[in-house]
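As stored in work.cif (mmCIF, C-alpha atoms and all ligand atoms):
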data_start
loop_
_atom_site.label_atom_id
_atom_site.label_comp_id
_atom_site.auth_asym_id
_atom_site.auth_seq_id
_atom_site.Cartn_x
_atom_site.Cartn_y
_atom_site.Cartn_z
CA MET A 1 40.16 168.05 74.80
CA HIS A 2 40.95 165.55 77.51
CA THR A 3 44.51 164.23 77.66
CA ALA A 4 44.70 160.60 78.64
CA VAL A 5 47.39 160.33 81.28
CA GLU A 6 47.02 156.71 82.33
CA GLU A 7 46.36 153.59 80.29
CA ARG A 8 45.19 150.27 81.71
CA ILE A 9 45.10 146.91 80.02
CA ILE A 10 42.06 144.78 80.85
CA ARG A 11 42.44 141.09 80.12
CA PRO A 12 39.40 138.86 79.56
CA ALA A 13 38.12 137.01 82.62
CA ARG A 14 36.76 133.50 83.08
CA ASN A 15 34.51 134.31 86.02
CA ILE A 16 33.68 136.82 88.75
CA LEU A 17 33.81 135.47 92.28
CA GLY A 18 34.15 137.05 95.69
CA SER A 19 32.84 139.38 98.29
CA LEU A 20 33.43 143.13 98.51
CA ARG A 21 32.54 146.14 100.61
CA LEU A 22 32.46 149.28 98.51
CA PRO A 23 33.46 152.83 99.46
CA GLY A 24 30.75 155.29 100.45
CA ASP A 25 28.10 156.56 98.09
CA LYS A 26 29.18 159.66 96.16
CA SER A 27 25.76 161.37 96.21
CA ILE A 28 25.28 160.82 99.95
CA SER A 29 28.87 161.84 100.78
CA HIS A 30 28.44 165.14 98.88
CA ARG A 31 25.31 165.89 100.89
CA TYR A 32 26.66 164.78 104.27
CA GLY A 33 29.88 166.71 103.68
CA MET A 34 28.11 169.88 102.55
CA LEU A 35 25.42 169.83 105.23
CA ALA A 36 27.91 169.01 108.01
CA ALA A 37 30.09 171.91 106.88
CA PHE A 38 27.07 174.22 107.02
CA ALA A 39 25.61 172.87 110.28
CA GLU A 40 26.39 173.72 113.86
CA GLY A 41 28.81 171.36 115.61
CA THR A 42 31.11 168.54 114.59
CA SER A 43 29.92 165.63 112.43
CA ARG A 44 31.78 162.36 112.04
CA PHE A 45 31.47 160.05 109.07
CA THR A 46 32.79 156.61 108.29
CA ASN A 47 33.03 155.07 104.82
CA PHE A 48 32.96 158.56 103.26
CA SER A 49 33.43 158.49 99.48
CA THR A 50 37.09 158.26 98.49
CA GLY A 51 36.39 159.84 95.08
CA ALA A 52 37.91 163.10 93.89
CA ASP A 53 34.43 164.62 93.44
CA CYS A 54 33.60 164.49 97.14
CA ALA A 55 37.09 165.79 97.94
CA SER A 56 36.14 168.83 95.78
CA THR A 57 33.03 169.39 97.91
CA LEU A 58 35.03 169.16 101.14
CA ALA A 59 37.74 171.50 99.79
CA CYS A 60 35.14 174.11 98.76
CA MET A 61 33.45 173.92 102.16
CA GLN A 62 36.83 174.24 103.86
CA ALA A 63 37.54 177.37 101.81
CA LEU A 64 34.19 178.70 103.11
CA GLY A 65 35.23 178.30 106.75
CA ALA A 66 34.39 174.70 107.70
CA LYS A 67 37.02 172.55 109.37
CA VAL A 68 37.62 169.19 107.69
CA THR A 69 39.86 166.52 109.17
CA LYS A 70 40.48 163.28 107.33
CA LEU A 71 41.05 160.56 109.88
CA GLY A 72 42.04 157.93 107.30
CA GLU A 73 40.24 154.87 105.85
CA GLY A 74 37.17 156.89 104.88
CA ALA A 75 36.71 158.49 108.31
CA VAL A 76 36.13 162.23 108.13
CA GLU A 77 35.35 164.83 110.80
CA VAL A 78 33.67 168.08 109.74
CA THR A 79 33.07 171.10 111.96
CA GLY A 80 30.44 173.34 110.47
CA VAL A 81 30.15 177.11 110.12
CA GLY A 82 26.80 177.25 111.96
CA GLY A 83 24.80 178.58 109.03
CA ARG A 84 27.08 181.44 107.97
CA VAL A 85 29.98 180.89 105.56
CA THR A 86 33.07 183.08 105.18
CA PRO A 87 33.39 184.30 101.58
CA SER A 88 36.60 183.07 100.04
CA SER A 89 38.86 185.47 98.13
CA GLU A 90 39.90 182.61 95.82
CA PRO A 91 37.48 180.98 93.34
CA LEU A 92 35.89 177.79 94.66
CA ASP A 93 37.18 174.92 92.52
CA CYS A 94 34.51 172.26 91.95
CA GLY A 95 36.87 170.14 89.82
CA ASN A 96 34.90 167.62 87.71
CA SER A 97 31.90 167.63 90.02
CA GLY A 98 28.50 168.83 88.80
CA SER A 99 26.94 167.94 92.17
CA THR A 100 29.39 170.22 93.98
CA MET A 101 28.81 173.20 91.69
CA ARG A 102 25.04 172.92 91.46
CA MET A 103 24.37 172.20 95.12
CA ILE A 104 26.85 174.73 96.53
CA SER A 105 25.24 177.43 94.37
CA GLY A 106 21.96 176.91 96.22
CA LEU A 107 23.72 176.99 99.55
CA LEU A 108 25.59 180.22 98.73
CA ALA A 109 22.92 182.23 96.89
CA PRO A 110 21.26 183.39 100.17
CA GLN A 111 24.59 183.99 101.98
CA GLU A 112 26.33 187.34 102.42
CA GLY A 113 29.25 188.03 100.10
CA THR A 114 30.35 187.25 96.58
CA PHE A 115 31.52 183.87 95.36
CA THR A 116 33.08 182.54 92.16
CA LEU A 117 32.73 178.86 91.24
CA ILE A 118 34.99 177.25 88.68
CA GLY A 119 35.49 173.71 87.37
CA ASP A 120 37.65 171.65 85.04
CA ALA A 121 37.20 171.63 81.23
CA SER A 122 34.39 169.03 81.36
CA LEU A 123 32.44 170.79 84.13
CA SER A 124 32.89 174.13 82.34
CA ARG A 125 31.00 172.70 79.36
CA ARG A 126 28.02 171.45 81.40
CA PRO A 127 24.68 173.31 81.51
CA MET A 128 24.24 175.62 84.50
CA GLU A 129 21.23 177.59 83.28
CA ARG A 130 19.13 174.88 84.96
CA ILE A 131 20.20 176.23 88.36
CA ARG A 132 20.49 179.91 87.40
CA LYS A 133 16.86 180.09 86.36
CA PRO A 134 15.19 178.80 89.56
CA LEU A 135 17.63 180.65 91.81
CA ALA A 136 17.01 183.88 89.85
CA GLU A 137 13.28 183.30 90.32
CA MET A 138 13.95 183.31 94.07
CA GLY A 139 15.76 186.65 93.64
CA ALA A 140 19.35 185.38 93.56
CA LYS A 141 22.06 187.21 91.66
CA LEU A 142 23.90 184.60 89.67
CA THR A 143 25.91 185.19 86.53
CA LEU A 144 27.08 182.51 84.12
CA THR A 145 29.45 182.63 81.19
CA GLU A 146 27.32 181.69 78.16
CA GLY A 147 25.28 179.28 80.23
CA HIS A 148 28.33 177.70 81.85
CA ALA A 149 30.87 178.07 84.65
CA PRO A 150 32.65 180.22 85.77
CA LEU A 151 29.66 181.11 87.87
CA MET A 152 29.46 184.26 90.01
CA ILE A 153 27.12 184.63 92.94
CA GLU A 154 26.36 187.84 94.72
CA GLY A 155 24.57 186.77 97.89
CA ALA A 156 21.07 188.22 98.37
CA ARG A 157 17.98 187.76 100.48
CA LEU A 158 15.75 185.33 98.58
CA ASN A 159 12.01 184.68 98.33
CA ALA A 160 10.42 181.29 98.74
CA MET A 161 8.88 179.82 95.58
CA ASP A 162 7.05 176.91 94.02
CA TYR A 163 9.05 175.48 91.13
CA THR A 164 8.54 172.64 88.67
CA THR A 165 11.81 171.24 87.31
CA PRO A 166 11.82 171.00 83.49
CA VAL A 167 14.37 168.13 83.43
CA PRO A 168 14.61 165.42 86.06
CA SER A 169 17.64 166.42 88.15
CA ALA A 170 18.38 165.67 91.79
CA GLN A 171 21.15 168.26 91.67
CA VAL A 172 18.73 171.02 90.66
CA LYS A 173 16.18 169.89 93.24
CA SER A 174 18.89 169.87 95.93
CA CYS A 175 20.16 173.30 94.88
CA ILE A 176 16.69 174.79 95.37
CA LEU A 177 16.14 173.01 98.70
CA LEU A 178 19.44 174.33 100.05
CA ALA A 179 18.41 177.87 99.12
CA GLY A 180 14.91 177.24 100.56
CA LEU A 181 16.46 176.05 103.85
CA GLN A 182 17.73 179.60 104.40
CA THR A 183 14.74 181.50 103.00
CA ALA A 184 11.64 182.65 104.90
CA GLY A 185 8.49 180.87 103.73
CA ILE A 186 7.83 177.55 102.07
CA THR A 187 9.88 176.57 99.03
CA THR A 188 8.46 173.70 96.97
CA VAL A 189 10.10 171.72 94.19
CA ARG A 190 7.85 169.64 91.93
CA GLU A 191 9.21 166.94 89.68
CA ALA A 192 7.41 164.83 87.09
CA ILE A 193 9.86 161.98 87.58
CA ARG A 194 11.05 161.33 91.10
CA THR A 195 14.82 161.71 91.29
CA ARG A 196 17.13 160.44 94.03
CA ASP A 197 15.99 161.72 97.41
CA HIS A 198 19.25 161.79 99.38
CA SER A 199 19.00 165.54 100.01
CA GLU A 200 15.56 165.21 101.55
CA LEU A 201 16.74 162.34 103.77
CA ALA A 202 20.01 164.04 104.69
CA LEU A 203 18.34 167.36 105.53
CA ARG A 204 16.03 165.46 107.88
CA ALA A 205 18.95 163.58 109.42
CA PHE A 206 20.59 166.95 110.16
CA GLY A 207 17.39 168.03 111.93
CA ALA A 208 15.53 170.00 109.25
CA GLU A 209 11.85 169.53 108.57
CA VAL A 210 11.18 168.53 104.97
CA LYS A 211 7.69 167.64 103.74
CA ARG A 212 7.13 165.23 100.89
CA ALA A 213 4.12 164.60 98.68
CA SER A 214 3.94 162.16 95.78
CA ASP A 215 5.45 164.56 93.24
CA SER A 216 6.89 167.39 95.35
CA VAL A 217 9.18 168.29 98.24
CA SER A 218 8.76 171.36 100.47
CA ILE A 219 11.05 173.00 102.95
CA SER A 220 10.16 175.93 105.16
CA GLY A 221 12.94 178.31 106.09
CA PRO A 222 14.93 179.47 107.77
CA GLN A 223 16.02 176.35 109.63
CA LYS A 224 19.24 175.41 111.39
CA LEU A 225 21.12 172.14 110.92
CA LYS A 226 22.74 170.09 113.70
CA ALA A 227 25.81 167.87 113.36
CA ILE A 228 25.38 164.08 113.04
CA ASP A 229 27.48 160.91 113.14
CA ALA A 230 26.86 158.59 110.20
CA ALA A 231 28.23 155.64 108.24
CA VAL A 232 27.90 156.24 104.49
CA PRO A 233 26.34 153.26 102.65
CA GLY A 234 28.37 151.65 99.86
CA ASP A 235 27.87 153.28 96.44
CA ILE A 236 25.38 151.33 94.31
CA SER A 237 26.49 153.23 91.17
CA SER A 238 30.02 151.93 91.77
CA ALA A 239 28.60 148.50 92.60
CA ALA A 240 26.86 148.59 89.20
CA PHE A 241 30.13 147.78 87.42
CA PHE A 242 30.64 144.67 89.55
CA LEU A 243 27.00 143.59 89.47
CA CYS A 244 26.98 143.82 85.66
CA ALA A 245 30.34 142.04 85.42
CA ALA A 246 29.09 139.17 87.61
CA ALA A 247 25.85 138.95 85.60
CA LEU A 248 27.93 138.13 82.49
CA PHE A 249 29.52 134.88 83.69
CA PRO A 250 27.45 131.73 84.30
CA GLY A 251 28.78 130.25 87.55
CA SER A 252 29.63 133.66 89.01
CA SER A 253 28.83 134.71 92.55
CA LEU A 254 29.45 138.15 93.97
CA VAL A 255 28.43 139.45 97.38
CA LEU A 256 28.45 143.17 98.17
CA ASP A 257 27.73 144.13 101.76
CA SER A 258 26.69 147.44 103.40
CA LEU A 259 25.43 148.62 100.03
CA GLY A 260 23.11 151.63 99.73
CA LEU A 261 19.72 150.39 98.51
CA ASN A 262 17.68 153.59 98.56
CA PRO A 263 14.68 152.77 96.31
CA THR A 264 15.36 155.87 94.16
CA ARG A 265 18.80 154.40 93.37
CA ALA A 266 18.33 150.63 93.31
CA THR A 267 16.50 150.27 89.98
CA LEU A 268 19.52 148.46 88.54
CA LEU A 269 18.60 145.43 90.65
CA ASP A 270 15.22 145.28 88.91
CA VAL A 271 16.84 145.62 85.49
CA LEU A 272 19.34 142.86 86.19
CA THR A 273 16.49 140.67 87.40
CA ALA A 274 14.55 141.44 84.19
CA LEU A 275 17.67 140.40 82.25
CA GLY A 276 17.58 137.05 84.06
CA ALA A 277 20.26 137.53 86.74
CA HIS A 278 19.52 136.16 90.18
CA ILE A 279 19.64 138.85 92.87
CA ALA A 280 19.27 138.20 96.58
CA VAL A 281 19.02 141.03 99.12
CA LEU A 282 19.86 140.23 102.73
CA ASN A 283 20.27 142.07 106.05
CA LEU A 284 18.24 145.09 105.01
CA GLU A 285 18.39 147.91 107.57
CA GLU A 286 17.85 151.66 107.74
CA LYS A 287 20.63 154.10 108.64
CA ASN A 288 19.76 157.79 108.83
CA ALA A 289 16.70 156.91 106.72
CA GLU A 290 18.88 155.37 103.97
CA LEU A 291 18.32 151.67 103.24
CA VAL A 292 21.45 149.52 103.46
CA GLY A 293 21.82 145.81 102.76
CA THR A 294 23.83 142.93 101.35
CA VAL A 295 23.34 142.00 97.71
CA GLN A 296 24.31 138.71 96.11
CA VAL A 297 24.26 138.37 92.34
CA THR A 298 24.61 135.22 90.26
CA ALA A 299 24.44 135.04 86.47
CA PRO A 300 21.74 133.04 84.68
CA PRO A 301 23.19 129.72 83.40
CA ASP A 302 21.95 130.41 79.86
CA GLY A 303 22.97 134.07 79.61
CA LEU A 304 21.26 137.43 79.97
CA ARG A 305 18.06 138.13 78.03
CA SER A 306 16.95 141.57 76.76
CA THR A 307 15.26 144.70 78.08
CA THR A 308 14.09 148.20 77.27
CA ILE A 309 14.87 151.15 79.52
CA SER A 310 12.78 154.26 78.93
CA GLY A 311 10.65 156.92 80.66
CA GLY A 312 11.17 157.32 84.41
CA LEU A 313 13.41 154.25 84.49
CA ALA A 314 15.98 156.01 82.31
CA ALA A 315 16.16 158.95 84.75
CA GLN A 316 16.53 156.69 87.77
CA LEU A 317 19.25 154.63 86.09
CA ILE A 318 21.06 157.56 84.52
CA ASP A 319 24.49 156.76 86.03
CA GLU A 320 24.17 153.03 85.33
CA LEU A 321 23.21 153.32 81.64
CA PRO A 322 26.80 153.37 80.29
CA VAL A 323 27.65 150.01 81.86
CA LEU A 324 24.30 148.49 80.88
CA ALA A 325 24.89 149.58 77.27
CA ALA A 326 28.45 148.25 77.43
CA ILE A 327 27.30 144.73 78.43
CA ALA A 328 24.28 144.76 76.09
CA PRO A 329 26.06 143.01 73.16
CA TYR A 330 26.53 139.97 75.45
CA THR A 331 22.79 139.63 76.14
CA SER A 332 20.73 137.42 73.86
CA GLY A 333 18.20 140.04 72.77
CA GLY A 334 20.01 143.36 73.30
CA ILE A 335 19.20 146.46 75.31
CA ARG A 336 17.20 149.44 74.06
CA ILE A 337 17.63 152.78 75.85
CA ARG A 338 15.40 155.84 75.29
CA ASP A 339 14.45 159.07 77.13
CA ALA A 340 18.05 159.39 78.29
CA LYS A 341 19.00 162.65 76.56
CA GLU A 342 20.56 163.82 79.84
CA LEU A 343 23.40 161.37 79.13
CA ARG A 344 24.64 163.85 76.53
CA VAL A 345 25.39 166.51 79.16
CA LYS A 346 27.13 164.40 81.78
CA GLU A 347 30.93 164.40 82.33
CA SER A 348 31.04 163.57 78.60
CA ASP A 349 28.47 162.97 75.87
CA ARG A 350 27.90 159.45 77.16
CA ILE A 351 25.63 158.39 74.27
CA ALA A 352 28.26 159.30 71.66
CA LEU A 353 31.18 157.82 73.60
CA VAL A 354 29.39 154.56 74.40
CA ALA A 355 28.50 154.15 70.70
CA GLN A 356 32.05 155.02 69.59
CA ASN A 357 33.67 152.59 72.02
CA LEU A 358 31.22 149.75 71.34
CA ARG A 359 32.02 150.13 67.63
CA ALA A 360 35.75 150.12 68.41
CA MET A 361 35.19 146.70 70.01
CA GLY A 362 33.44 145.49 66.86
CA ALA A 363 29.85 145.84 68.05
CA GLU A 364 26.88 146.96 66.07
CA VAL A 365 25.00 149.82 67.75
CA GLU A 366 22.48 152.44 66.70
CA GLU A 367 22.65 155.89 68.25
CA PHE A 368 19.59 158.08 68.89
CA GLU A 369 19.37 161.62 70.20
CA ASP A 370 18.00 160.24 73.50
CA GLY A 371 19.44 156.75 73.64
CA LEU A 372 20.91 153.68 72.00
CA ASP A 373 19.86 150.36 70.50
CA VAL A 374 22.46 147.70 71.21
CA PRO A 375 21.61 144.35 69.60
CA GLY A 376 22.42 141.18 71.54
CA GLY A 377 24.26 138.01 70.56
CA GLN A 378 27.43 139.84 69.53
CA THR A 379 31.07 138.88 69.98
CA LEU A 380 33.37 141.76 70.89
CA HIS A 381 37.12 142.02 70.48
CA GLY A 382 39.64 143.91 72.58
CA ALA A 383 40.25 147.48 71.40
CA THR A 384 41.59 150.86 72.48
CA ILE A 385 38.91 152.66 74.48
CA ASP A 386 38.66 156.43 74.64
CA SER A 387 37.23 157.23 78.08
CA GLY A 388 37.03 160.94 77.22
CA GLY A 389 38.22 161.52 80.79
CA ASP A 390 34.84 160.26 82.00
CA HIS A 391 35.03 157.90 84.98
CA ARG A 392 31.90 155.96 84.14
CA ILE A 393 33.00 155.36 80.53
CA ALA A 394 36.42 154.08 81.69
CA MET A 395 34.80 151.66 84.14
CA ALA A 396 31.91 150.57 81.87
CA PHE A 397 34.31 149.47 79.13
CA SER A 398 36.61 147.75 81.61
CA VAL A 399 33.57 145.54 82.32
CA ALA A 400 32.83 145.01 78.60
CA ALA A 401 36.50 144.04 78.19
CA LEU A 402 36.11 141.10 80.59
CA ARG A 403 34.04 139.15 78.03
CA ALA A 404 35.85 140.36 74.89
CA GLU A 405 38.29 138.33 72.78
CA GLY A 406 41.77 139.71 73.46
CA ASP A 407 43.03 142.55 75.62
CA THR A 408 41.47 146.01 75.86
CA LEU A 409 43.37 149.23 76.48
CA ILE A 410 41.52 151.87 78.50
CA GLN A 411 42.84 155.35 77.83
CA GLY A 412 42.32 157.92 80.55
CA ALA A 413 41.88 155.18 83.16
CA GLU A 414 42.85 157.61 85.94
CA SER A 415 39.39 159.17 85.59
CA ALA A 416 37.93 156.22 87.57
CA ALA A 417 39.26 158.04 90.67
CA ILE A 418 36.60 160.74 90.21
CA SER A 419 34.14 158.41 91.90
CA PHE A 420 35.96 155.13 92.57
CA PRO A 421 39.77 155.13 93.01
CA GLU A 422 39.76 151.49 94.15
CA PHE A 423 38.00 150.25 91.00
CA PHE A 424 40.86 148.54 89.12
CA ASN A 425 42.28 146.85 92.22
CA LEU A 426 38.89 145.48 93.21
CA LEU A 427 38.21 144.33 89.65
CA ASP A 428 41.50 142.38 89.67
CA PHE A 429 40.51 140.93 93.03
CA VAL A 430 37.20 139.42 91.85
CA ALA A 431 38.06 138.60 88.22
CA GLU A 432 39.23 134.99 87.73
CA ARG A 433 41.61 134.73 84.83
C1 LIG B 501 23.48 163.27 91.21
C2 LIG B 501 22.44 163.43 90.34
C3 LIG B 501 22.50 163.03 88.93
C4 LIG B 501 23.64 162.04 88.70
C5 LIG B 501 24.93 162.48 89.33
C6 LIG B 501 24.75 162.65 90.83
C7 LIG B 501 23.30 163.74 92.60
O1 LIG B 501 22.73 164.18 88.14
O2 LIG B 501 23.83 161.83 87.32
O3 LIG B 501 25.95 161.52 89.10
O4 LIG B 501 24.14 163.40 93.46
O5 LIG B 501 22.33 164.45 92.86
P1 LIG B 501 21.53 165.16 87.67
O6 LIG B 501 20.96 165.82 88.86
O7 LIG B 501 22.19 166.14 86.74
O8 LIG B 501 20.56 164.25 86.97
#

Written as structure tokens, how would this file's structure read?
Ligand code: S3P
Amino acid sequence: MHTAVEERIIRPARNILGSLRLPGDKSISHRYGMLAAFAEGTSRFTNFSTGADCASTLACMQALGAKVTKLGEGAVEVTGVGGRVTPSSEPLDCGNSGSTMRMISGLLAPQEGTFTLIGDASLSRRPMERIRKPLAEMGAKLTLTEGHAPLMIEGARLNAMDYTTPVPSAQVKSCILLAGLQTAGITTVREAIRTRDHSELALRAFGAEVKRASDSVSISGPQKLKAIDAAVPGDISSAAFFLCAAALFPGSSLVLDSLGLNPTRATLLDVLTALGAHIAVLNLEEKNAELVGTVQVTAPPDGLRSTTISGGLAAQLIDELPVLAAIAPYTSGGIRIRDAKELRVKESDRIALVAQNLRAMGAEVEEFEDGLDVPGGQTLHGATIDSGGDHRIAMAFSVAALRAEGDTLIQGAESAAISFPEFFNLLDFVAER
């Protein structure tokens, strides 16, 4: 069970107005941090994610021999191990971070030595068979505890392979690519639904050759990585809370600059547009193959409409679904979510917790194994929200609270710091009361 250590009261807002620059993308920071720590030379990053998850990645890589220096204000310098890690006598603590555990496993499976990976209570409940299976197919020696962490790796020489992922997962794809990077031959990952491609882009930025086809990615190994200097784009999954908040208030205007707009991540902008919000994208540029731009959102004068999110859309929006479901009662026609079973094995069972917390606020909601139906045109009241120690639940319901009648108490509010420690301060900054 999660113990809620911090409570936050969210008061209703009258409007959302302002301009923000958000901290660096969590997914990209994990990859830049991990690849820099594995590469040859010293990499320098600005706007690196301030979240606890990326700190877990950096701490693990430090324990494996990389040198990490935090220069303050999101600036980080990482000196890599040049392709060969030093096994750590202590277990590597991945904290709450599934990305850290799943990607590092791929990096370590072909290395010499033995490694133990552990995580917090939530991470220790999450499925790890999805990485054990492909890595074992490559010849890796990986042991789980009933399908979960703690995870033990005995480094071994691997064989290249051609693998089709059974569930859409960028973490699994990245895990295999990191093993393939160090393995002779061509390793291919095929996916039915294209997941976020930050690993492919980051590997290329660090000098590796990665080939892409419409439904597959291939890497030929072994290849060496070279240090880079990079600015991490603002995190669009963190921006989602502010974009959705602004979309709720006619008369709102919110500008987010230097925001990551990688097409495999920016589907939320299409959904908000479908709901009737006005989105403008300005100053689009490419940095290390990642698209970055300024986004302005204004709410429709007559309120948000309705939409259905299913199929490939659900996979691409997986981190944004909790906040979309949380604002759905305020739309006119509701939001229907399907094909999102993966939400049940995130930091919490996000389908169950979203339904529970919407009901606590007085909303009607129907729960399905792979999604939710949230009718529109509802009035919500302030309530006590159980975040379950899940950062995205804490933040999603802070947004729902802005349009509720009365105050809302968020239990376990400290969990926001997993991805977005600045969240509550920034929310206060743009919320007009
Ligand atoms: C991530 C991939 C997604 C996402 C997570 C970050 C990544 O997880 O939910 O927040 O950085 O690759 P899955 O790969 O499990 O879908």

Draw an axis-aligned box tight on the listed atoms of ligand LIG 501 (chain B), then pad every side by 6 Å and write out centre and edge lengths in Å to one decimal as JSON.
{"center_x": 23.3, "center_y": 163.8, "center_z": 90.1, "size_x": 17.4, "size_y": 16.6, "size_z": 18.7}

Between range 160-229 of chain A and range 305-324 of chain A, at 9 Å or less, what are the per-residue closest atom pairs and their distances in Å? Count all atoms listed in the file, order by chain and rising residue number, and return it as a Markdown table.
| residue | atom | partner | partner_atom | distance |
| --- | --- | --- | --- | --- |
| A:Pro168 | CA | A:Ala315 | CA | 6.8 |
| A:Ser169 | CA | A:Ala315 | CA | 8.3 |
| A:Ala192 | CA | A:Gly312 | CA | 8.8 |
| A:Ile193 | CA | A:Gly312 | CA | 5.8 |
| A:Arg194 | CA | A:Gly312 | CA | 7.8 |
| A:Thr195 | CA | A:Gln316 | CA | 6.4 |
| A:Arg196 | CA | A:Gln316 | CA | 7.3 |

How close does chain A get to ligand LIG 501 (chain B)? List, as a Markdown table, each residue of chain A within 9 Å, its nearest atom pair and the distance in Å to one decimal, counting only C-alpha atoms and all ligand atoms.
| residue | atom | partner | partner_atom | distance |
| --- | --- | --- | --- | --- |
| A:Lys26 | CA | B:LIG501 | O4 | 6.8 |
| A:Ser27 | CA | B:LIG501 | O4 | 3.8 |
| A:Ile28 | CA | B:LIG501 | O4 | 7.1 |
| A:Ser29 | CA | B:LIG501 | O4 | 8.9 |
| A:His30 | CA | B:LIG501 | O4 | 7.1 |
| A:Arg31 | CA | B:LIG501 | O4 | 7.9 |
| A:Ser97 | CA | B:LIG501 | O3 | 8.6 |
| A:Gly98 | CA | B:LIG501 | O7 | 7.2 |
| A:Ser99 | CA | B:LIG501 | O4 | 5.5 |
| A:Thr100 | CA | B:LIG501 | O4 | 8.6 |
| A:Arg102 | CA | B:LIG501 | O6 | 8.6 |
| A:Met103 | CA | B:LIG501 | O5 | 8.3 |
| A:Val167 | CA | B:LIG501 | O8 | 8.1 |
| A:Pro168 | CA | B:LIG501 | O8 | 6.1 |
| A:Ser169 | CA | B:LIG501 | O6 | 3.4 |
| A:Ala170 | CA | B:LIG501 | O6 | 3.9 |
| A:Gln171 | CA | B:LIG501 | O6 | 3.7 |
| A:Val172 | CA | B:LIG501 | O6 | 5.9 |
| A:Lys173 | CA | B:LIG501 | O6 | 7.7 |
| A:Ser174 | CA | B:LIG501 | O5 | 7.1 |
| A:Thr195 | CA | B:LIG501 | O8 | 7.6 |
| A:Arg196 | CA | B:LIG501 | O5 | 6.7 |
| A:Asp197 | CA | B:LIG501 | O5 | 8.3 |
| A:His198 | CA | B:LIG501 | O5 | 7.7 |
| A:Ser199 | CA | B:LIG501 | O5 | 8.0 |
| A:Ser237 | CA | B:LIG501 | O3 | 8.6 |
| A:Ala315 | CA | B:LIG501 | O8 | 7.2 |
| A:Gln316 | CA | B:LIG501 | O8 | 8.6 |
| A:Leu317 | CA | B:LIG501 | O2 | 8.6 |
| A:Ile318 | CA | B:LIG501 | O2 | 5.8 |
| A:Asp319 | CA | B:LIG501 | O2 | 5.3 |
| A:Glu342 | CA | B:LIG501 | O8 | 7.1 |
| A:Leu343 | CA | B:LIG501 | O2 | 8.2 |
| A:Val345 | CA | B:LIG501 | O7 | 8.2 |
| A:Lys346 | CA | B:LIG501 | O2 | 6.9 |
| A:Glu347 | CA | B:LIG501 | O3 | 8.9 |

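A straight line drawn from CA of Ala328 in chain A to CA of Pro375 in chain A is 7.0 Å long.
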
request  = Anything within 12 Å of (40.9, 165.1, 108.8): list those residues as a ChimeraX atom specification, counting only C-alpha atoms and sticking to the file's coordinates.
outcome  = /A:42-46,48,55,58-59,62,66-79

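Here CA of Leu243 in chain A is placed at a distance of 9.9 Å from CA of Val399 in chain A.
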